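Accompanying notes for the structure given below.
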Amino acid sequence: MNRIFLIALVALAATPVMAEPLPPGLAGARLLPGWTDGNGDRVAALELELEPGWKTYWRSPGDSGLPPEFDWSGSENLAGVTFHWPAPEAILSGGDVSLGFHDRLVLPFTAHAARPGTPVELAAEIDLGLCERICVPARLALTAAAPADRPDPRIEAALAQGPRQSADRPACRIVAIEDGMQVSMRTGPMPAKAAAIELDRRPEVWVSGVEIDETDAGLALTADLVPPEGKPFDLRPGSLRLTLIGPDGAVEMRGCDPEG
């Protein structure tokens with residue numbers, strides 16, 4: 001083989017494959033490979049580096065945000081994924097408050113093995129919203145390298161940034177409206193810049209941003225929940241989740257106690 005041709009082949013093999021261009025607003029995006037835990041599941045994370053002035057959204061962003069959606073069909077030995085969301089920021093934009101992240105997001109998740117003892121290989125297509133003055137939809141195709149043999153401090157730090165769990169349950173009132181249900185909750189006095197009311201295991205139900213009224217007795221919070229069929233539905237108090245975002249972080253409460 002020609003010596004020059006051989007050198008060219010070696011140089012070509014050593015050259016990294018060019019990644020697809022990142023969408024506007026992103027300086028970097030990857031799946032942190034993480035590690036395998038004692039159950040044979042894989043703990044990993046999505047890492048996004050945002051350009052200055054750009055933001056992306058939390059799992060329940062409010063009226064106008066775009067929550068991320070994940071397609072894991074390219075993965076191997078994957079039974080399901082459990083996300084461990086960090087507490088979001090309250091972001092004021094155009095007079096509205098949305099929930100999301102500036103600068104950098106590390107979103108940890110546990111990838112559950114279909115066959116424990118066999119490696120979980122991770123590949124994801126991710127649809128998400130990226131916003132500066134206006135919001136644009138974006139798609140990422142990411143593949144994780146093999147897991148490390150020890151925990152990643154970046155993922156461990158993000159795991160510690162989740163909302164504080166509270167055993168308190170707010171009082172609530174649930175009523176039917178024309179196209180769904182309306183939930184009103186009451187808590188004791190506490191500072192809150194923003195809030196989210198969510199419905200567990202019903203991602204198809206749209207939930208509005210939360211209206212917050214501060215009263216002498218505490219907070220009054222209201223949100224509308226609208227299913228795809230656009231009509232009232234069976235809404236159980238135990239399936240609701242309230243997250244309050246304040247100046248010192250976030251607190252999460254599961255379930256509510258019906259009034260009356």
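For the structure tokens, the naming scheme is as follows: chains receive sequential letters (A, B, ...) according to their order of presentation, residues are indexed from 1 within each chain, and ligands are indexed from 1 in presentation order.
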Just the alpha helix (DSSP H) stuff from range 41-217 of chain A, please, per backbone DSSP, written as a list of chain:residue names.
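So the alpha helix (DSSP H) residues in range 41-217 of chain A would be A:Pro153, A:Arg154, A:Ile155, A:Glu156, A:Ala157, A:Ala158, A:Leu159.
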Requested write-out: all heavy atoms of the selected residues, as a PDB file, in the first residue's frame:
ATOM      1  N   PRO A 153     -19.851  13.275  39.903  1.00  0.00           N
ATOM      2  CA  PRO A 153     -20.198  14.355  40.841  1.00  0.00           C
ATOM      3  C   PRO A 153     -21.165  15.381  40.260  1.00  0.00           C
ATOM      4  O   PRO A 153     -21.955  15.969  40.992  1.00  0.00           O
ATOM      5  CB  PRO A 153     -18.831  14.995  41.151  1.00  0.00           C
ATOM      6  CG  PRO A 153     -17.823  13.941  40.849  1.00  0.00           C
ATOM      7  CD  PRO A 153     -18.400  13.145  39.723  1.00  0.00           C
ATOM      8  N   ARG A 154     -21.135  15.610  38.946  1.00  0.00           N
ATOM      9  CA  ARG A 154     -22.058  16.568  38.338  1.00  0.00           C
ATOM     10  C   ARG A 154     -23.504  16.079  38.446  1.00  0.00           C
ATOM     11  O   ARG A 154     -24.426  16.854  38.723  1.00  0.00           O
ATOM     12  CB  ARG A 154     -21.689  16.786  36.871  1.00  0.00           C
ATOM     13  CG  ARG A 154     -20.340  17.450  36.643  1.00  0.00           C
ATOM     14  CD  ARG A 154     -19.912  17.331  35.185  1.00  0.00           C
ATOM     15  NE  ARG A 154     -19.684  15.937  34.819  1.00  0.00           N
ATOM     16  CZ  ARG A 154     -19.258  15.536  33.623  1.00  0.00           C
ATOM     17  NH1 ARG A 154     -19.041  16.447  32.666  1.00  0.00           N
ATOM     18  NH2 ARG A 154     -19.063  14.260  33.367  1.00  0.00           N
ATOM     19  N   ILE A 155     -23.693  14.782  38.242  1.00  0.00           N
ATOM     20  CA  ILE A 155     -25.038  14.221  38.353  1.00  0.00           C
ATOM     21  C   ILE A 155     -25.472  14.168  39.807  1.00  0.00           C
ATOM     22  O   ILE A 155     -26.630  14.481  40.140  1.00  0.00           O
ATOM     23  CB  ILE A 155     -25.089  12.828  37.701  1.00  0.00           C
ATOM     24  CG1 ILE A 155     -24.725  12.933  36.218  1.00  0.00           C
ATOM     25  CG2 ILE A 155     -26.463  12.197  37.883  1.00  0.00           C
ATOM     26  CD1 ILE A 155     -24.684  11.589  35.490  1.00  0.00           C
ATOM     27  N   GLU A 156     -24.562  13.817  40.699  1.00  0.00           N
ATOM     28  CA  GLU A 156     -24.900  13.785  42.127  1.00  0.00           C
ATOM     29  C   GLU A 156     -25.305  15.175  42.616  1.00  0.00           C
ATOM     30  O   GLU A 156     -26.256  15.315  43.402  1.00  0.00           O
ATOM     31  CB  GLU A 156     -23.712  13.263  42.936  1.00  0.00           C
ATOM     32  CG  GLU A 156     -23.426  11.782  42.725  1.00  0.00           C
ATOM     33  CD  GLU A 156     -22.303  11.284  43.609  1.00  0.00           C
ATOM     34  OE1 GLU A 156     -21.245  11.959  43.677  1.00  0.00           O
ATOM     35  OE2 GLU A 156     -22.468  10.228  44.237  1.00  0.00           O
ATOM     36  N   ALA A 157     -24.610  16.227  42.142  1.00  0.00           N
ATOM     37  CA  ALA A 157     -24.971  17.596  42.546  1.00  0.00           C
ATOM     38  C   ALA A 157     -26.360  17.954  42.044  1.00  0.00           C
ATOM     39  O   ALA A 157     -27.152  18.584  42.752  1.00  0.00           O
ATOM     40  CB  ALA A 157     -23.928  18.583  42.018  1.00  0.00           C
ATOM     41  N   ALA A 158     -26.690  17.553  40.819  1.00  0.00           N
ATOM     42  CA  ALA A 158     -28.021  17.853  40.274  1.00  0.00           C
ATOM     43  C   ALA A 158     -29.105  17.082  41.013  1.00  0.00           C
ATOM     44  O   ALA A 158     -30.217  17.589  41.221  1.00  0.00           O
ATOM     45  CB  ALA A 158     -28.053  17.529  38.786  1.00  0.00           C
ATOM     46  N   LEU A 159     -28.820  15.854  41.428  1.00  0.00           N
ATOM     47  CA  LEU A 159     -29.783  15.074  42.201  1.00  0.00           C
ATOM     48  C   LEU A 159     -30.133  15.759  43.521  1.00  0.00           C
ATOM     49  O   LEU A 159     -31.258  15.632  44.024  1.00  0.00           O
ATOM     50  CB  LEU A 159     -29.239  13.669  42.474  1.00  0.00           C
ATOM     51  CG  LEU A 159     -29.215  12.711  41.281  1.00  0.00           C
ATOM     52  CD1 LEU A 159     -28.373  11.482  41.613  1.00  0.00           C
ATOM     53  CD2 LEU A 159     -30.629  12.291  40.902  1.00  0.00           C
TER      54      LEU A 159
END
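Proximity to Glu259 in chain A at 8 Å, evaluated using only C-alpha atoms and with sequence-adjacent residues fewer than 4 positions away removed, yields A:Ala171, A:Cys172, A:Arg173.
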Output the selection as a PDB file, in the first residue's frame - N, CA and C atoms for each residue.
ATOM      1  N   ALA A 171     -55.209  22.265  51.280  1.00  0.00           N
ATOM      2  CA  ALA A 171     -56.654  22.109  51.097  1.00  0.00           C
ATOM      3  C   ALA A 171     -56.982  22.392  49.637  1.00  0.00           C
ATOM      4  N   CYS A 172     -58.000  21.725  49.092  1.00  0.00           N
ATOM      5  CA  CYS A 172     -58.307  21.931  47.677  1.00  0.00           C
ATOM      6  C   CYS A 172     -59.804  21.835  47.411  1.00  0.00           C
ATOM      7  N   ARG A 173     -60.172  22.427  46.317  1.00  0.00           N
ATOM      8  CA  ARG A 173     -61.537  22.367  45.797  1.00  0.00           C
ATOM      9  C   ARG A 173     -61.440  22.079  44.312  1.00  0.00           C
TER      10      ARG A 173
END
Atomic separation - CA of Val207 in chain A relative to CA of Gly100 in chain A, Å:
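Atom-to-atom, CA of Gly100 in chain A and CA of Val207 in chain A are spaced 15.7 Å apart.
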Skipping near chain neighbours, those fewer than 2 positions away, what residues fall within 10 Å of Ala192 in chain A using only C-alpha atoms, listed as a list in words?
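After dropping sequence-adjacent residues, the list is Ala90, Pro189, Met190, Ala194, Ala195, Ile212, Glu214, Leu219, Thr243, Leu244, Ile245, Gly246, Pro247, Asp248, Gly249, Ala250 and Val251 of chain A.
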Can you tell me which residues surround Arg150 in chain A at a distance of at most 9 Å, considering only C-alpha atoms, apart from same-chain residues fewer than 4 positions away, and format the answer as a PyMOL selection string?
chain A and resi 34-36
Skipping near chain neighbours, those fewer than 5 positions away, what residues fall within 8 Å of range 55-64 of chain A using only C-alpha atoms, listed as a ChimeraX atom specification?
/A:25,50,85,88,97-103,128-132,196,198,207-210
Just-selected residues, N, CA, C and O atoms written as a PDB file, in the first residue's frame:
ATOM      1  N   GLY A  25     -29.323  28.957  20.372  1.00  0.00           N
ATOM      2  CA  GLY A  25     -29.531  29.039  21.815  1.00  0.00           C
ATOM      3  C   GLY A  25     -28.766  28.023  22.613  1.00  0.00           C
ATOM      4  O   GLY A  25     -28.628  28.168  23.831  1.00  0.00           O
ATOM      5  N   LEU A  50     -26.589  26.513  27.718  1.00  0.00           N
ATOM      6  CA  LEU A  50     -27.384  27.510  27.013  1.00  0.00           C
ATOM      7  C   LEU A  50     -26.562  28.767  26.735  1.00  0.00           C
ATOM      8  O   LEU A  50     -25.729  29.177  27.546  1.00  0.00           O
ATOM      9  N   TRP A  85     -35.988  15.735  38.364  1.00  0.00           N
ATOM     10  CA  TRP A  85     -35.882  17.132  37.935  1.00  0.00           C
ATOM     11  C   TRP A  85     -35.313  18.030  39.030  1.00  0.00           C
ATOM     12  O   TRP A  85     -35.789  18.007  40.167  1.00  0.00           O
ATOM     13  N   PRO A  88     -36.973  24.232  39.386  1.00  0.00           N
ATOM     14  CA  PRO A  88     -36.868  25.211  38.303  1.00  0.00           C
ATOM     15  C   PRO A  88     -36.722  26.635  38.826  1.00  0.00           C
ATOM     16  O   PRO A  88     -36.925  26.909  40.015  1.00  0.00           O
ATOM     17  N   VAL A  97     -45.029  34.533  33.809  1.00  0.00           N
ATOM     18  CA  VAL A  97     -44.032  33.770  34.549  1.00  0.00           C
ATOM     19  C   VAL A  97     -44.046  32.336  34.038  1.00  0.00           C
ATOM     20  O   VAL A  97     -45.103  31.695  33.992  1.00  0.00           O
ATOM     21  N   SER A  98     -42.897  31.853  33.616  1.00  0.00           N
ATOM     22  CA  SER A  98     -42.767  30.456  33.222  1.00  0.00           C
ATOM     23  C   SER A  98     -41.712  29.796  34.102  1.00  0.00           C
ATOM     24  O   SER A  98     -40.976  30.466  34.836  1.00  0.00           O
ATOM     25  N   LEU A  99     -41.642  28.479  34.033  1.00  0.00           N
ATOM     26  CA  LEU A  99     -40.715  27.713  34.863  1.00  0.00           C
ATOM     27  C   LEU A  99     -39.682  27.049  33.961  1.00  0.00           C
ATOM     28  O   LEU A  99     -40.049  26.348  33.004  1.00  0.00           O
ATOM     29  N   GLY A 100     -38.405  27.290  34.257  1.00  0.00           N
ATOM     30  CA  GLY A 100     -37.375  26.732  33.393  1.00  0.00           C
ATOM     31  C   GLY A 100     -35.991  26.954  33.945  1.00  0.00           C
ATOM     32  O   GLY A 100     -35.790  27.078  35.159  1.00  0.00           O
ATOM     33  N   PHE A 101     -35.022  27.059  33.027  1.00  0.00           N
ATOM     34  CA  PHE A 101     -33.610  27.100  33.416  1.00  0.00           C
ATOM     35  C   PHE A 101     -32.841  28.025  32.487  1.00  0.00           C
ATOM     36  O   PHE A 101     -33.048  28.016  31.272  1.00  0.00           O
ATOM     37  N   HIS A 102     -31.944  28.812  33.072  1.00  0.00           N
ATOM     38  CA  HIS A 102     -30.967  29.596  32.326  1.00  0.00           C
ATOM     39  C   HIS A 102     -29.609  28.899  32.387  1.00  0.00           C
ATOM     40  O   HIS A 102     -29.371  28.055  33.255  1.00  0.00           O
ATOM     41  N   ASP A 103     -28.725  29.287  31.484  1.00  0.00           N
ATOM     42  CA  ASP A 103     -27.296  28.960  31.538  1.00  0.00           C
ATOM     43  C   ASP A 103     -27.006  27.468  31.353  1.00  0.00           C
ATOM     44  O   ASP A 103     -26.408  27.075  30.375  1.00  0.00           O
ATOM     45  N   LEU A 128     -37.558  19.908  22.377  1.00  0.00           N
ATOM     46  CA  LEU A 128     -37.594  20.857  23.477  1.00  0.00           C
ATOM     47  C   LEU A 128     -37.781  22.267  22.940  1.00  0.00           C
ATOM     48  O   LEU A 128     -37.632  22.518  21.738  1.00  0.00           O
ATOM     49  N   GLY A 129     -38.104  23.173  23.842  1.00  0.00           N
ATOM     50  CA  GLY A 129     -38.235  24.575  23.493  1.00  0.00           C
ATOM     51  C   GLY A 129     -37.038  25.367  23.981  1.00  0.00           C
ATOM     52  O   GLY A 129     -36.556  25.163  25.102  1.00  0.00           O
ATOM     53  N   LEU A 130     -36.549  26.256  23.141  1.00  0.00           N
ATOM     54  CA  LEU A 130     -35.447  27.150  23.489  1.00  0.00           C
ATOM     55  C   LEU A 130     -35.921  28.577  23.223  1.00  0.00           C
ATOM     56  O   LEU A 130     -36.469  28.867  22.159  1.00  0.00           O
ATOM     57  N   CYS A 131     -35.713  29.445  24.196  1.00  0.00           N
ATOM     58  CA  CYS A 131     -36.291  30.790  24.097  1.00  0.00           C
ATOM     59  C   CYS A 131     -35.268  31.866  24.417  1.00  0.00           C
ATOM     60  O   CYS A 131     -34.500  31.748  25.379  1.00  0.00           O
ATOM     61  N   GLU A 132     -35.286  32.917  23.615  1.00  0.00           N
ATOM     62  CA  GLU A 132     -34.623  34.176  23.940  1.00  0.00           C
ATOM     63  C   GLU A 132     -35.746  35.191  24.041  1.00  0.00           C
ATOM     64  O   GLU A 132     -36.434  35.264  25.053  1.00  0.00           O
ATOM     65  N   ALA A 196     -46.552  25.404  40.358  1.00  0.00           N
ATOM     66  CA  ALA A 196     -47.043  24.481  39.339  1.00  0.00           C
ATOM     67  C   ALA A 196     -47.973  23.479  40.000  1.00  0.00           C
ATOM     68  O   ALA A 196     -47.677  22.972  41.088  1.00  0.00           O
ATOM     69  N   GLU A 198     -49.650  19.841  39.007  1.00  0.00           N
ATOM     70  CA  GLU A 198     -49.476  18.782  38.015  1.00  0.00           C
ATOM     71  C   GLU A 198     -50.378  17.599  38.332  1.00  0.00           C
ATOM     72  O   GLU A 198     -50.793  17.404  39.480  1.00  0.00           O
ATOM     73  N   VAL A 207     -52.186  21.500  31.525  1.00  0.00           N
ATOM     74  CA  VAL A 207     -52.402  22.213  32.781  1.00  0.00           C
ATOM     75  C   VAL A 207     -51.954  23.655  32.595  1.00  0.00           C
ATOM     76  O   VAL A 207     -50.834  23.920  32.138  1.00  0.00           O
ATOM     77  N   SER A 208     -52.811  24.574  32.946  1.00  0.00           N
ATOM     78  CA  SER A 208     -52.498  25.993  32.777  1.00  0.00           C
ATOM     79  C   SER A 208     -51.443  26.435  33.783  1.00  0.00           C
ATOM     80  O   SER A 208     -51.130  25.725  34.746  1.00  0.00           O
ATOM     81  N   GLY A 209     -50.913  27.624  33.552  1.00  0.00           N
ATOM     82  CA  GLY A 209     -50.120  28.261  34.591  1.00  0.00           C
ATOM     83  C   GLY A 209     -50.980  28.510  35.821  1.00  0.00           C
ATOM     84  O   GLY A 209     -52.210  28.595  35.745  1.00  0.00           O
ATOM     85  N   VAL A 210     -50.345  28.626  36.964  1.00  0.00           N
ATOM     86  CA  VAL A 210     -51.063  28.772  38.231  1.00  0.00           C
ATOM     87  C   VAL A 210     -51.220  30.251  38.586  1.00  0.00           C
ATOM     88  O   VAL A 210     -50.236  30.999  38.589  1.00  0.00           O
TER      89      VAL A 210
END
When DSSP is applied to the backbone of this structure, which of range 2-171 of chain A are assigned strand (DSSP E)? Write them out as JSON, numbers by chain.
{"A": [26, 27, 28, 29, 30, 31, 32, 33, 34, 35, 36, 42, 43, 44, 45, 46, 47, 48, 49, 50, 55, 56, 57, 69, 70, 71, 78, 79, 80, 81, 82, 83, 89, 90, 91, 92, 93, 96, 97, 98, 99, 100, 101, 102, 104, 105, 106, 107, 108, 109, 110, 111, 112, 113, 123, 124, 125, 126, 127, 128, 129, 130, 131, 135, 136, 137, 138, 139, 140, 141, 142, 143, 164, 165, 166, 171]}
Shell around Ala148 in chain A at 12 Å using only C-alpha atoms, local window under 2 positions removed, as a list of chain:residue names:
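Using only C-alpha atoms, the neighbours found are A:Leu32, A:Pro33, A:Gly34, A:Trp35, A:Thr36, A:Asp37, A:Arg42, A:Val43, A:Ala44, A:Pro119, A:Ala144, A:Ala145, A:Ala146, A:Arg150, A:Pro151, A:Asp152, A:Pro153.
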CA of Ser166 in chain A to CA of Met181 in chain A: how many Å, to one decimal?
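Separating CA of Ser166 in chain A from CA of Met181 in chain A is a distance of 25.0 Å.
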Counting only C-alpha atoms, the residue of A:Asp224, A:Ser75, A:Glu49, A:Pro23 that sits nearest Glu178 in chain A:
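Closest candidate: A:Asp224.
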Shell around Ser239 in chain A at 8 Å using only C-alpha atoms, local window under 4 positions removed, as a PyMOL selection string
chain A and resi 199-200+235+254-255
Closest of A:Pro108, A:Pro86, A:Pro21, A:Pro147 to Arg164 in chain A - atom-to-atom distances counting only C-alpha atoms
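Once distances to Arg164 in chain A are computed over only C-alpha atoms, the minimum belongs to A:Pro86.
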Could you check how far CA of Pro137 in chain A sits from CA of Ala223 in chain A, in Å to one decimal?
25.0 Å
Restricting the calculation to only C-alpha atoms: of A:Ala167, A:Leu142, A:Leu107, A:Ala27, which residue gets closest to Gly74 in chain A?
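So, comparing all the options, the nearest one is A:Leu142.
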